[in-house]
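So this block is final_9.txt, compact mmCIF, C-alpha atoms and all ligand atoms:
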# COMPACT_ATOMS: atom_id res chain seq x y z
CA MET S 809 45.72 -9.79 -26.72
CA THR S 810 48.12 -7.45 -24.93
CA THR S 811 49.63 -8.93 -21.79
CA LYS S 812 47.77 -6.28 -19.83
CA THR S 813 44.22 -7.19 -20.91
CA LYS S 814 42.34 -8.60 -17.96
CA ILE S 815 39.70 -11.24 -18.61
CA ILE S 816 37.06 -10.63 -15.94
CA ASP S 817 36.20 -14.03 -14.49
CA GLY S 818 32.51 -14.07 -13.54
CA ASN S 819 32.62 -17.77 -12.69
CA ALA S 820 35.30 -17.23 -10.04
CA PHE S 821 33.70 -14.03 -8.67
CA SER S 822 30.23 -15.58 -8.42
CA ALA S 823 31.66 -18.70 -6.72
CA ARG S 824 33.33 -16.46 -4.11
CA LEU S 825 30.08 -14.53 -3.64
CA ARG S 826 28.13 -17.77 -3.12
CA ASP S 827 30.72 -18.91 -0.53
CA THR S 828 30.24 -15.62 1.35
CA LEU S 829 26.46 -16.01 1.11
CA THR S 830 26.65 -19.57 2.48
CA GLN S 831 28.54 -18.27 5.50
CA LYS S 832 26.10 -15.37 6.05
CA VAL S 833 23.05 -17.65 5.68
CA HIS S 834 24.45 -19.93 8.40
CA GLU S 835 25.20 -16.95 10.64
CA MET S 836 21.63 -15.66 10.19
CA ARG S 837 20.17 -19.07 11.00
CA ASP S 838 22.41 -19.67 14.03
CA SER S 839 22.17 -16.16 15.53
CA HIS S 840 18.61 -15.17 14.61
CA HIS S 841 16.79 -18.45 13.76
CA VAL S 842 15.93 -17.07 10.31
CA THR S 843 16.57 -19.11 7.15
CA PRO S 844 16.16 -17.01 3.99
CA GLY S 845 13.60 -18.51 1.60
CA LEU S 846 13.22 -17.94 -2.14
CA ALA S 847 10.02 -18.79 -4.05
CA VAL S 848 10.36 -19.20 -7.81
CA VAL S 849 7.23 -19.41 -9.95
CA LEU S 850 7.32 -20.83 -13.48
CA VAL S 851 4.24 -20.72 -15.71
CA GLY S 852 4.43 -22.96 -18.77
CA GLU S 853 7.03 -25.30 -20.24
CA ASP S 854 9.51 -22.99 -21.98
CA PRO S 855 12.69 -25.15 -22.07
CA ALA S 856 15.13 -22.26 -21.42
CA SER S 857 13.04 -21.07 -18.45
CA GLN S 858 12.92 -24.63 -17.07
CA VAL S 859 16.74 -24.76 -17.12
CA TYR S 860 17.04 -21.35 -15.39
CA VAL S 861 14.52 -22.34 -12.72
CA ARG S 862 16.22 -25.68 -12.01
CA THR S 863 19.60 -23.92 -11.68
CA LYS S 864 18.11 -21.33 -9.33
CA HIS S 865 16.63 -24.10 -7.15
CA LYS S 866 19.98 -25.96 -7.00
CA ARG S 867 21.98 -22.83 -6.14
CA THR S 868 19.43 -21.74 -3.50
CA ILE S 869 19.75 -25.07 -1.68
CA GLU S 870 23.56 -25.02 -1.99
CA VAL S 871 23.87 -21.76 -0.03
CA GLY S 872 21.61 -23.12 2.72
CA MET S 873 18.44 -21.19 1.87
CA LYS S 874 14.95 -22.65 1.53
CA SER S 875 13.70 -23.04 -2.03
CA PHE S 876 9.99 -23.07 -2.87
CA MET S 877 9.27 -24.06 -6.46
CA HIS S 878 5.86 -23.48 -8.03
CA THR S 879 5.42 -24.90 -11.53
CA LEU S 880 2.09 -24.04 -13.13
CA PRO S 881 0.62 -25.16 -16.46
CA ALA S 882 0.84 -22.75 -19.42
CA ASP S 883 -2.94 -22.17 -19.39
CA THR S 884 -3.04 -21.05 -15.74
CA PRO S 885 -5.50 -18.12 -15.51
CA GLU S 886 -3.99 -14.80 -14.47
CA HIS S 887 -6.16 -14.62 -11.34
CA GLU S 888 -4.73 -17.97 -10.11
CA LEU S 889 -1.19 -16.66 -10.46
CA LEU S 890 -2.20 -13.49 -8.58
CA THR S 891 -3.71 -15.63 -5.79
CA LEU S 892 -0.48 -17.63 -5.52
CA ILE S 893 1.57 -14.40 -5.31
CA ALA S 894 -0.77 -13.01 -2.63
CA GLY S 895 -0.13 -16.19 -0.60
CA LEU S 896 3.65 -15.92 -1.04
CA ASN S 897 3.53 -12.24 -0.02
CA LYS S 898 2.00 -13.35 3.32
CA ASP S 899 4.15 -16.47 3.84
CA PRO S 900 6.68 -15.74 6.63
CA GLU S 901 9.07 -18.42 5.30
CA VAL S 902 9.31 -16.68 1.91
CA HIS S 903 11.61 -13.62 1.73
CA GLY S 904 12.12 -13.47 -2.03
CA ILE S 905 9.61 -14.01 -4.85
CA LEU S 906 10.60 -14.40 -8.48
CA VAL S 907 8.17 -15.03 -11.31
CA GLN S 908 10.20 -16.37 -14.23
CA LEU S 909 9.69 -14.15 -17.29
CA PRO S 910 8.40 -14.29 -19.95
CA VAL S 911 4.96 -15.44 -18.78
CA PRO S 912 2.43 -16.76 -21.35
CA LYS S 913 0.80 -14.06 -23.49
CA HIS S 914 -2.63 -14.19 -21.77
CA ILE S 915 -0.99 -13.00 -18.52
CA ASP S 916 -0.15 -9.30 -18.05
CA SER S 917 3.47 -9.41 -16.83
CA GLN S 918 3.39 -5.85 -15.46
CA LYS S 919 0.33 -6.71 -13.34
CA ILE S 920 2.21 -9.74 -11.99
CA ILE S 921 5.32 -7.69 -11.19
CA GLU S 922 3.20 -5.09 -9.37
CA ALA S 923 1.43 -7.79 -7.33
CA ILE S 924 4.69 -8.87 -5.65
CA ASP S 925 5.39 -7.25 -2.28
CA PRO S 926 8.23 -4.76 -3.08
CA ALA S 927 10.06 -5.99 0.05
CA LYS S 928 10.16 -9.51 -1.47
CA ASP S 929 10.75 -8.38 -5.07
CA VAL S 930 14.25 -9.86 -5.44
CA ASP S 931 14.23 -9.19 -9.20
CA GLY S 932 13.89 -5.45 -8.47
CA PHE S 933 11.28 -4.96 -11.21
CA HIS S 934 8.43 -3.53 -9.05
CA PRO S 935 7.85 0.20 -9.79
CA ILE S 936 8.60 1.00 -6.11
CA ASN S 937 12.05 -0.56 -6.44
CA VAL S 938 12.61 1.02 -9.86
CA GLY S 939 11.78 4.39 -8.28
CA ARG S 940 14.05 3.77 -5.30
CA LEU S 941 16.99 2.99 -7.58
CA ALA S 942 16.29 6.08 -9.68
CA SER S 943 16.02 8.33 -6.60
CA GLY S 944 19.03 6.84 -4.83
CA GLY S 945 17.06 4.98 -2.13
CA GLU S 946 17.47 1.53 -0.59
CA GLY S 947 15.48 -0.80 -2.79
CA MET S 948 16.00 -4.11 -4.53
CA VAL S 949 18.29 -3.76 -7.55
CA PRO S 950 17.86 -6.02 -10.63
CA CYS S 951 20.31 -8.92 -10.53
CA THR S 952 22.15 -8.69 -13.87
CA PRO S 953 23.01 -4.97 -13.60
CA LEU S 954 24.00 -5.33 -9.94
CA GLY S 955 26.21 -8.32 -10.84
CA SER S 956 27.78 -6.29 -13.65
CA MET S 957 28.44 -3.43 -11.22
CA MET S 958 30.10 -5.81 -8.72
CA LEU S 959 32.47 -6.99 -11.49
CA LEU S 960 33.22 -3.40 -12.52
CA LYS S 961 34.00 -2.25 -8.98
CA ASP S 962 36.16 -5.30 -8.36
CA CYS S 963 38.08 -4.53 -11.55
CA LEU S 964 38.35 -0.73 -11.37
CA GLY S 965 37.80 0.26 -7.73
CA LYS S 966 36.34 3.77 -7.76
CA LEU S 967 34.38 4.68 -10.89
CA GLY S 968 33.78 8.40 -10.19
CA GLY S 969 34.28 10.69 -13.22
CA LEU S 970 34.63 7.87 -15.77
CA ASP S 971 32.69 8.04 -19.04
CA ALA S 972 30.29 5.10 -19.26
CA VAL S 973 28.22 4.11 -22.28
CA VAL S 974 25.39 1.62 -21.80
CA ILE S 975 24.10 0.18 -25.09
CA GLY S 976 20.48 -0.89 -24.54
CA ARG S 977 17.69 0.71 -22.54
CA SER S 978 15.61 -2.25 -21.32
CA ASN S 979 13.99 -2.17 -17.87
CA ILE S 980 15.82 -5.38 -16.98
CA VAL S 981 19.40 -4.39 -17.85
CA GLY S 982 20.08 -1.08 -19.64
CA LYS S 983 18.14 1.43 -17.53
CA PRO S 984 19.03 0.02 -14.08
CA MET S 985 22.68 -0.31 -15.19
CA ALA S 986 22.73 3.35 -16.17
CA HIS S 987 21.30 4.32 -12.75
CA LEU S 988 23.92 2.24 -10.95
CA LEU S 989 26.73 3.89 -12.95
CA LEU S 990 25.27 7.33 -12.22
CA LYS S 991 25.14 6.46 -8.52
CA GLU S 992 28.90 5.75 -8.77
CA SER S 993 29.36 9.25 -10.30
CA CYS S 994 30.13 8.11 -13.83
CA THR S 995 29.17 10.37 -16.74
CA VAL S 996 26.56 8.13 -18.32
CA THR S 997 25.30 7.88 -21.89
CA ILE S 998 22.49 5.47 -22.76
CA ALA S 999 22.59 4.35 -26.40
CA HIS S 1000 19.80 2.46 -28.20
CA SER S 1001 18.59 1.47 -31.64
CA GLN S 1002 18.12 5.08 -32.73
CA THR S 1003 21.47 6.38 -31.50
CA ARG S 1004 23.33 8.14 -34.33
CA ASP S 1005 26.89 7.00 -35.01
CA LEU S 1006 27.05 4.40 -32.25
CA PRO S 1007 30.75 3.56 -32.87
CA GLU S 1008 31.68 7.21 -32.22
CA VAL S 1009 29.58 7.30 -29.02
CA VAL S 1010 31.20 4.07 -27.78
CA ARG S 1011 34.70 5.38 -28.61
CA ARG S 1012 34.48 8.00 -25.83
CA ALA S 1013 33.74 5.44 -23.15
CA ASP S 1014 36.04 4.32 -20.35
CA ILE S 1015 33.34 1.75 -19.51
CA VAL S 1016 31.20 0.04 -22.15
CA VAL S 1017 28.21 -2.05 -21.09
CA ALA S 1018 26.64 -3.90 -24.02
CA ALA S 1019 23.08 -5.17 -23.42
CA VAL S 1020 21.59 -5.41 -26.88
CA GLY S 1021 21.01 -9.04 -27.89
CA LYS S 1022 22.85 -8.77 -31.23
CA ALA S 1023 25.75 -11.18 -31.72
CA GLU S 1024 29.18 -9.48 -31.82
CA MET S 1025 27.71 -6.11 -32.82
CA VAL S 1026 30.32 -4.03 -30.95
CA ARG S 1027 33.59 -4.20 -32.91
CA GLY S 1028 37.14 -3.81 -31.63
CA ASP S 1029 37.69 -0.53 -33.50
CA TRP S 1030 34.70 1.04 -31.66
CA LEU S 1031 36.62 0.87 -28.37
CA LYS S 1032 38.88 3.36 -26.65
CA PRO S 1033 42.21 1.63 -25.91
CA GLY S 1034 42.32 0.42 -22.31
CA CYS S 1035 38.56 0.67 -21.68
CA THR S 1036 36.61 -1.83 -19.60
CA VAL S 1037 33.98 -3.87 -21.43
CA ILE S 1038 31.04 -5.58 -19.73
CA ASP S 1039 29.28 -7.80 -22.23
CA VAL S 1040 25.79 -8.70 -21.00
CA GLY S 1041 24.61 -10.18 -24.30
CA ILE S 1042 23.91 -13.88 -24.65
CA ASN S 1043 23.43 -14.93 -28.28
CA ARG S 1044 23.39 -18.45 -29.69
CA ILE S 1045 24.94 -18.54 -33.17
CA GLU S 1046 25.48 -21.34 -35.63
CA LEU S 1047 29.01 -21.84 -37.00
CA PRO S 1048 29.64 -22.83 -40.64
CA ASP S 1049 30.11 -26.48 -39.56
CA GLY S 1050 26.61 -26.45 -38.00
CA THR S 1051 27.76 -26.41 -34.36
CA LYS S 1052 26.15 -23.90 -31.98
CA LYS S 1053 28.10 -21.40 -29.91
CA LEU S 1054 27.26 -18.74 -27.31
CA VAL S 1055 28.63 -15.28 -28.03
CA GLY S 1056 28.12 -11.84 -26.53
CA ASP S 1057 27.17 -8.51 -28.05
CA VAL S 1058 30.88 -7.68 -28.37
CA ALA S 1059 33.28 -9.22 -30.92
CA PHE S 1060 35.50 -10.67 -28.20
CA ASP S 1061 38.51 -11.62 -30.37
CA GLU S 1062 38.79 -8.03 -31.64
CA ALA S 1063 37.87 -6.30 -28.38
CA VAL S 1064 40.37 -8.23 -26.29
CA LYS S 1065 43.18 -6.64 -28.35
CA VAL S 1066 42.03 -3.10 -27.47
CA ALA S 1067 40.28 -3.21 -24.08
CA GLY S 1068 42.04 -3.04 -20.72
CA ALA S 1069 39.56 -5.54 -19.24
CA ILE S 1070 36.66 -7.51 -20.66
CA THR S 1071 34.06 -10.07 -19.60
CA PRO S 1072 33.95 -13.23 -21.75
CA VAL S 1073 30.72 -14.91 -22.91
CA PRO S 1074 30.09 -17.38 -21.42
CA GLY S 1075 31.74 -17.01 -18.00
CA GLY S 1076 31.44 -13.25 -17.46
CA VAL S 1077 28.18 -11.57 -16.44
CA GLY S 1078 26.04 -14.70 -16.90
CA PRO S 1079 27.04 -16.54 -13.70
CA MET S 1080 26.60 -13.35 -11.64
CA THR S 1081 22.84 -13.15 -12.12
CA ILE S 1082 21.83 -16.11 -9.93
CA ALA S 1083 24.47 -15.32 -7.28
CA VAL S 1084 23.03 -11.79 -6.98
CA LEU S 1085 19.49 -13.20 -6.84
CA LEU S 1086 20.57 -15.14 -3.73
CA ARG S 1087 22.30 -12.03 -2.38
CA ASN S 1088 19.04 -10.07 -2.82
CA THR S 1089 17.11 -12.85 -1.02
CA LEU S 1090 19.52 -12.65 1.95
CA VAL S 1091 19.19 -8.85 2.05
CA ALA S 1092 15.37 -9.12 1.84
CA ALA S 1093 15.33 -11.61 4.74
CA ALA S 1094 17.50 -9.28 6.86
CA ARG S 1095 15.24 -6.27 6.14
CA LEU S 1096 11.99 -8.19 6.75
CA HIS S 1097 13.27 -9.35 10.15
CA ASN S 1098 14.89 -6.00 11.07
CA LEU S 1099 18.34 -7.61 11.21
CA PRO S 1100 21.61 -5.79 10.43
CA ASP S 1101 22.49 -5.41 6.74
CA PRO S 1102 24.45 -8.55 5.75
CA GLY S 1103 27.05 -6.37 4.00
CA VAL S 1104 27.25 -8.23 0.68
P1 LIG V 1 15.97 -6.06 -24.90
O1 LIG V 1 14.88 -5.82 -23.94
O2 LIG V 1 15.67 -6.67 -26.24
O3 LIG V 1 16.69 -4.64 -25.17
C1 LIG V 1 17.67 -4.51 -26.15
C2 LIG V 1 18.11 -3.06 -26.23
O4 LIG V 1 19.10 -2.98 -27.26
C3 LIG V 1 16.99 -2.09 -26.60
O5 LIG V 1 17.04 -0.97 -25.76
C4 LIG V 1 17.30 -1.72 -28.05
O6 LIG V 1 17.00 -0.38 -28.38
C5 LIG V 1 18.80 -1.88 -28.10
N1 LIG V 1 19.24 -2.13 -29.48
C6 LIG V 1 18.74 -3.02 -30.35
N2 LIG V 1 19.40 -2.96 -31.51
C7 LIG V 1 20.33 -1.98 -31.38
C8 LIG V 1 21.32 -1.44 -32.22
N3 LIG V 1 21.48 -1.88 -33.49
N4 LIG V 1 22.10 -0.46 -31.76
C9 LIG V 1 21.94 -0.01 -30.49
N5 LIG V 1 21.04 -0.50 -29.63
C10 LIG V 1 20.24 -1.46 -30.08
O7 LIG V 1 17.13 -6.94 -24.28
P2 LIG V 1 17.60 -7.15 -22.74
O8 LIG V 1 16.59 -7.93 -22.01
O9 LIG V 1 18.08 -5.86 -22.18
O10 LIG V 1 18.86 -8.10 -22.98
C11 LIG V 1 19.98 -7.69 -23.72
C12 LIG V 1 20.94 -8.85 -23.88
O11 LIG V 1 21.38 -9.23 -22.58
C13 LIG V 1 20.34 -10.11 -24.50
O12 LIG V 1 21.33 -10.77 -25.26
C14 LIG V 1 19.99 -10.97 -23.30
O13 LIG V 1 19.99 -12.35 -23.61
C15 LIG V 1 21.11 -10.62 -22.37
N6 LIG V 1 20.78 -10.81 -20.94
C16 LIG V 1 21.69 -11.49 -20.20
C17 LIG V 1 21.46 -11.68 -18.85
C18 LIG V 1 22.48 -12.43 -18.02
O14 LIG V 1 22.15 -13.04 -17.05
N7 LIG V 1 23.75 -12.34 -18.37
C19 LIG V 1 20.30 -11.20 -18.25
C20 LIG V 1 19.41 -10.46 -19.03
C21 LIG V 1 19.68 -10.25 -20.38
P3 LIG V 1 15.49 0.19 -28.47
O15 LIG V 1 15.05 0.38 -27.05
O16 LIG V 1 15.64 1.46 -29.22
O17 LIG V 1 14.69 -0.86 -29.19

Can the structure from this file be put into structure tokens for me?
Amino acid sequence: MTTKTKIIDGNAFSARLRDTLTQKVHEMRDSHHVTPGLAVVLVGEDPASQVYVRTKHKRTIEVGMKSFMHTLPADTPEHELLTLIAGLNKDPEVHGILVQLPVPKHIDSQKIIEAIDPAKDVDGFHPINVGRLASGGEGMVPCTPLGSMMLLKDCLGKLGGLDAVVIGRSNIVGKPMAHLLLKESCTVTIAHSQTRDLPEVVRRADIVVAAVGKAEMVRGDWLKPGCTVIDVGINRIELPDGTKKLVGDVAFDEAVKVAGAITPVPGGVGPMTIAVLLRNTLVAAARLHNLPDPGV
């Protein structure tokens, strides 16, 4: 590692963001008698989803918001989930609704996403919010890309004119990330599984965002010296001694010798996602009650 390489600390940034949110939640409650509320719906017993949902509940309470948990059995019929969402859409105490994905196979996830009131869609997956992001409007932005953008801006300041390469084109990370970078006037390339000569494409980038889901795919010699690397990937690998380890989509030990700044895994983008979910809930509460933008 050169002495100049900055390790972007998502744990510290997200802790600061949650402190700011706690303060803003109290201000909203004291000045306007509104307490932001987040409803999280989990269908089924997927262990990873159960952990995410429990962490979301804990963090929601910590910042002073109301948390409404709905845990439904795996065989819940689709129409029952839609009825629950319709109720949450009308509930004045609920400002954000999140249905933990993936849902069981017999439920159409797109139908569920489209049933959520776009004003309460704190995941930013509803087509109205997707369209607003793409057309530069004021919608709800998906949490992981927005968290990644917050880290980038904190690290680099203005991004205008920089070459950015996003590897991955999912609706959850890759595409919204590309729109956010375009909004900041980067020159954006979206790479995917059919991109020809990916290393050469990545080599032109001042900013590399890796959202692939393939352990340590991006090598150090793919990177332009001094570039900024945002590693969204979360991959569990098994080491030769049988122990398990979390790694990103970027070979960190190689990349850290070339990049100017890089997010580690874990401790980079990961902790930002829930903090931004709470930020989106606060913003949704302000908009639903016609209050000033909380400015976070
Ligand atoms: P996804 O829906 O599976 O999308 C993966 C993308 O990577 C696809 O667009 C795919 O291209 C592309 N890809 C696959 N193999 C490739 C290759 N060899 N070269 C170039 N591109 C390739 O995944 P996702 O939901 O976006 O998630 C990506 C990663 O981020 C995962 O590790 C996930 O766990 C992690 N993640 C982290 C957070 C967080 O909170 N930090 C949140 C969400 C996701 P095609 O479209 O051509 O198939």

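Using all atoms listed in the file, the nearest neighbour of S:Met873 within the list S:Met836, S:Val1055, S:Ala820, S:Cys963 is S:Met836.
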
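Atom CA of S:Ala1019 sits 8.8 Å away from atom CA of S:Ile1042.
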
Near stretch 891-902 of chain S, counting only C-alpha atoms, which residues have an atom at most 6 Å away, once you skip same-chain residues fewer than 4 positions from it, shown as a PDB file with C-alpha atoms, in the coordinates of the input?
ATOM      1  CA  GLY S 845      13.600 -18.510   1.600  1.00  0.00           C
ATOM      2  CA  LEU S 846      13.220 -17.940  -2.140  1.00  0.00           C
ATOM      3  CA  ASP S 925       5.390  -7.250  -2.280  1.00  0.00           C
TER       4      ASP S 925
END

Among listed residues S:Pro1079, S:Gly932, S:Gly1068, S:Pro1102, nearest ligand LIG 1 (chain V) (using only C-alpha atoms and all ligand atoms) =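 Among the listed residues, the smallest separation from ligand LIG 1 (chain V) belongs to S:Pro1079.
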
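If you look at atom CA of S:Val930 and atom O10 of ligand LIG 1 (chain V), they are 18.2 Å away from each other.
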
inquiry  = At a cut-off of 8 Å around ligand LIG 1 (chain V), and using all atoms listed in the file, what residues come up? Please write them as a count of residues only.
reply    = 36

message = Which residues are close to S:Arg862, i.e. within 12 Å by only C-alpha atoms, leaving aside same-chain residues fewer than 4 positions away? Reply as a list in words.
response =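 Once the adjacent positions are removed, what remains is Val848, Val849, Leu850, Pro855, Ala856, Ser857, Gln858, Lys866, Arg867, Thr868, Ile869, Ser875, Phe876, Met877, His878, Thr879, Gln908 and Ile1082 of chain S.
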
Could you model all heavy atoms for stretch 994-1004 of chain S and present them as a PDB file, keeping the file's coordinate frame?
ATOM      1  N   CYS S 994      29.669   8.145 -12.443  1.00  0.00           N
ATOM      2  CA  CYS S 994      30.130   8.110 -13.830  1.00  0.00           C
ATOM      3  C   CYS S 994      29.351   9.156 -14.631  1.00  0.00           C
ATOM      4  O   CYS S 994      28.271   9.576 -14.236  1.00  0.00           O
ATOM      5  CB  CYS S 994      29.859   6.747 -14.466  1.00  0.00           C
ATOM      6  SG  CYS S 994      30.860   5.436 -13.778  1.00  0.00           S
ATOM      7  N   THR S 995      29.910   9.554 -15.768  1.00  0.00           N
ATOM      8  CA  THR S 995      29.170  10.370 -16.740  1.00  0.00           C
ATOM      9  C   THR S 995      28.560   9.378 -17.717  1.00  0.00           C
ATOM     10  O   THR S 995      29.284   8.681 -18.429  1.00  0.00           O
ATOM     11  CB  THR S 995      30.128  11.340 -17.455  1.00  0.00           C
ATOM     12  OG1 THR S 995      30.777  12.130 -16.455  1.00  0.00           O
ATOM     13  CG2 THR S 995      29.377  12.229 -18.427  1.00  0.00           C
ATOM     14  N   VAL S 996      27.219   9.281 -17.682  1.00  0.00           N
ATOM     15  CA  VAL S 996      26.560   8.130 -18.320  1.00  0.00           C
ATOM     16  C   VAL S 996      25.835   8.524 -19.611  1.00  0.00           C
ATOM     17  O   VAL S 996      25.086   9.505 -19.631  1.00  0.00           O
ATOM     18  CB  VAL S 996      25.542   7.489 -17.349  1.00  0.00           C
ATOM     19  CG1 VAL S 996      24.914   6.245 -17.978  1.00  0.00           C
ATOM     20  CG2 VAL S 996      26.207   7.130 -16.024  1.00  0.00           C
ATOM     21  N   THR S 997      26.065   7.748 -20.637  1.00  0.00           N
ATOM     22  CA  THR S 997      25.300   7.880 -21.890  1.00  0.00           C
ATOM     23  C   THR S 997      24.547   6.568 -22.105  1.00  0.00           C
ATOM     24  O   THR S 997      25.135   5.492 -21.941  1.00  0.00           O
ATOM     25  CB  THR S 997      26.266   8.087 -23.089  1.00  0.00           C
ATOM     26  OG1 THR S 997      27.061   9.243 -22.843  1.00  0.00           O
ATOM     27  CG2 THR S 997      25.492   8.264 -24.398  1.00  0.00           C
ATOM     28  N   ILE S 998      23.266   6.677 -22.426  1.00  0.00           N
ATOM     29  CA  ILE S 998      22.490   5.470 -22.760  1.00  0.00           C
ATOM     30  C   ILE S 998      22.256   5.476 -24.273  1.00  0.00           C
ATOM     31  O   ILE S 998      21.614   6.385 -24.793  1.00  0.00           O
ATOM     32  CB  ILE S 998      21.136   5.419 -22.031  1.00  0.00           C
ATOM     33  CG1 ILE S 998      21.316   5.613 -20.529  1.00  0.00           C
ATOM     34  CG2 ILE S 998      20.428   4.094 -22.324  1.00  0.00           C
ATOM     35  CD1 ILE S 998      20.005   5.672 -19.746  1.00  0.00           C
ATOM     36  N   ALA S 999      22.785   4.461 -24.951  1.00  0.00           N
ATOM     37  CA  ALA S 999      22.590   4.350 -26.400  1.00  0.00           C
ATOM     38  C   ALA S 999      21.521   3.297 -26.676  1.00  0.00           C
ATOM     39  O   ALA S 999      21.271   2.424 -25.841  1.00  0.00           O
ATOM     40  CB  ALA S 999      23.908   3.964 -27.062  1.00  0.00           C
ATOM     41  N   HIS S1000      20.878   3.394 -27.847  1.00  0.00           N
ATOM     42  CA  HIS S1000      19.800   2.460 -28.200  1.00  0.00           C
ATOM     43  C   HIS S1000      19.713   2.361 -29.709  1.00  0.00           C
ATOM     44  O   HIS S1000      20.608   2.873 -30.413  1.00  0.00           O
ATOM     45  CB  HIS S1000      18.487   2.912 -27.551  1.00  0.00           C
ATOM     46  CG  HIS S1000      18.236   4.363 -27.708  1.00  0.00           C
ATOM     47  ND1 HIS S1000      17.824   4.911 -28.893  1.00  0.00           N
ATOM     48  CD2 HIS S1000      18.435   5.391 -26.844  1.00  0.00           C
ATOM     49  CE1 HIS S1000      17.738   6.217 -28.751  1.00  0.00           C
ATOM     50  NE2 HIS S1000      18.108   6.537 -27.513  1.00  0.00           N
ATOM     51  N   SER S1001      18.652   1.765 -30.203  1.00  0.00           N
ATOM     52  CA  SER S1001      18.590   1.470 -31.640  1.00  0.00           C
ATOM     53  C   SER S1001      18.525   2.731 -32.506  1.00  0.00           C
ATOM     54  O   SER S1001      18.788   2.666 -33.696  1.00  0.00           O
ATOM     55  CB  SER S1001      17.396   0.564 -31.948  1.00  0.00           C
ATOM     56  OG  SER S1001      16.201   1.249 -31.680  1.00  0.00           O
ATOM     57  N   GLN S1002      18.186   3.872 -31.908  1.00  0.00           N
ATOM     58  CA  GLN S1002      18.120   5.080 -32.730  1.00  0.00           C
ATOM     59  C   GLN S1002      19.298   6.028 -32.510  1.00  0.00           C
ATOM     60  O   GLN S1002      19.304   7.161 -33.006  1.00  0.00           O
ATOM     61  CB  GLN S1002      16.789   5.803 -32.446  1.00  0.00           C
ATOM     62  CG  GLN S1002      15.624   4.933 -32.874  1.00  0.00           C
ATOM     63  CD  GLN S1002      14.320   5.690 -32.923  1.00  0.00           C
ATOM     64  OE1 GLN S1002      14.276   6.861 -33.279  1.00  0.00           O
ATOM     65  NE2 GLN S1002      13.258   5.012 -32.557  1.00  0.00           N
ATOM     66  N   THR S1003      20.271   5.555 -31.740  1.00  0.00           N
ATOM     67  CA  THR S1003      21.470   6.380 -31.500  1.00  0.00           C
ATOM     68  C   THR S1003      22.199   6.589 -32.829  1.00  0.00           C
ATOM     69  O   THR S1003      22.413   5.639 -33.576  1.00  0.00           O
ATOM     70  CB  THR S1003      22.399   5.662 -30.493  1.00  0.00           C
ATOM     71  OG1 THR S1003      21.698   5.572 -29.256  1.00  0.00           O
ATOM     72  CG2 THR S1003      23.709   6.407 -30.295  1.00  0.00           C
ATOM     73  N   ARG S1004      22.587   7.843 -33.087  1.00  0.00           N
ATOM     74  CA  ARG S1004      23.330   8.140 -34.330  1.00  0.00           C
ATOM     75  C   ARG S1004      24.798   7.878 -34.085  1.00  0.00           C
ATOM     76  O   ARG S1004      25.334   8.232 -33.048  1.00  0.00           O
ATOM     77  CB  ARG S1004      23.151   9.622 -34.694  1.00  0.00           C
ATOM     78  CG  ARG S1004      21.786   9.886 -35.264  1.00  0.00           C
ATOM     79  CD  ARG S1004      21.759  11.301 -35.840  1.00  0.00           C
ATOM     80  NE  ARG S1004      20.450  11.853 -35.610  1.00  0.00           N
ATOM     81  CZ  ARG S1004      20.187  13.131 -35.458  1.00  0.00           C
ATOM     82  NH1 ARG S1004      21.147  14.019 -35.485  1.00  0.00           N
ATOM     83  NH2 ARG S1004      18.959  13.536 -35.272  1.00  0.00           N
TER      84      ARG S1004
END
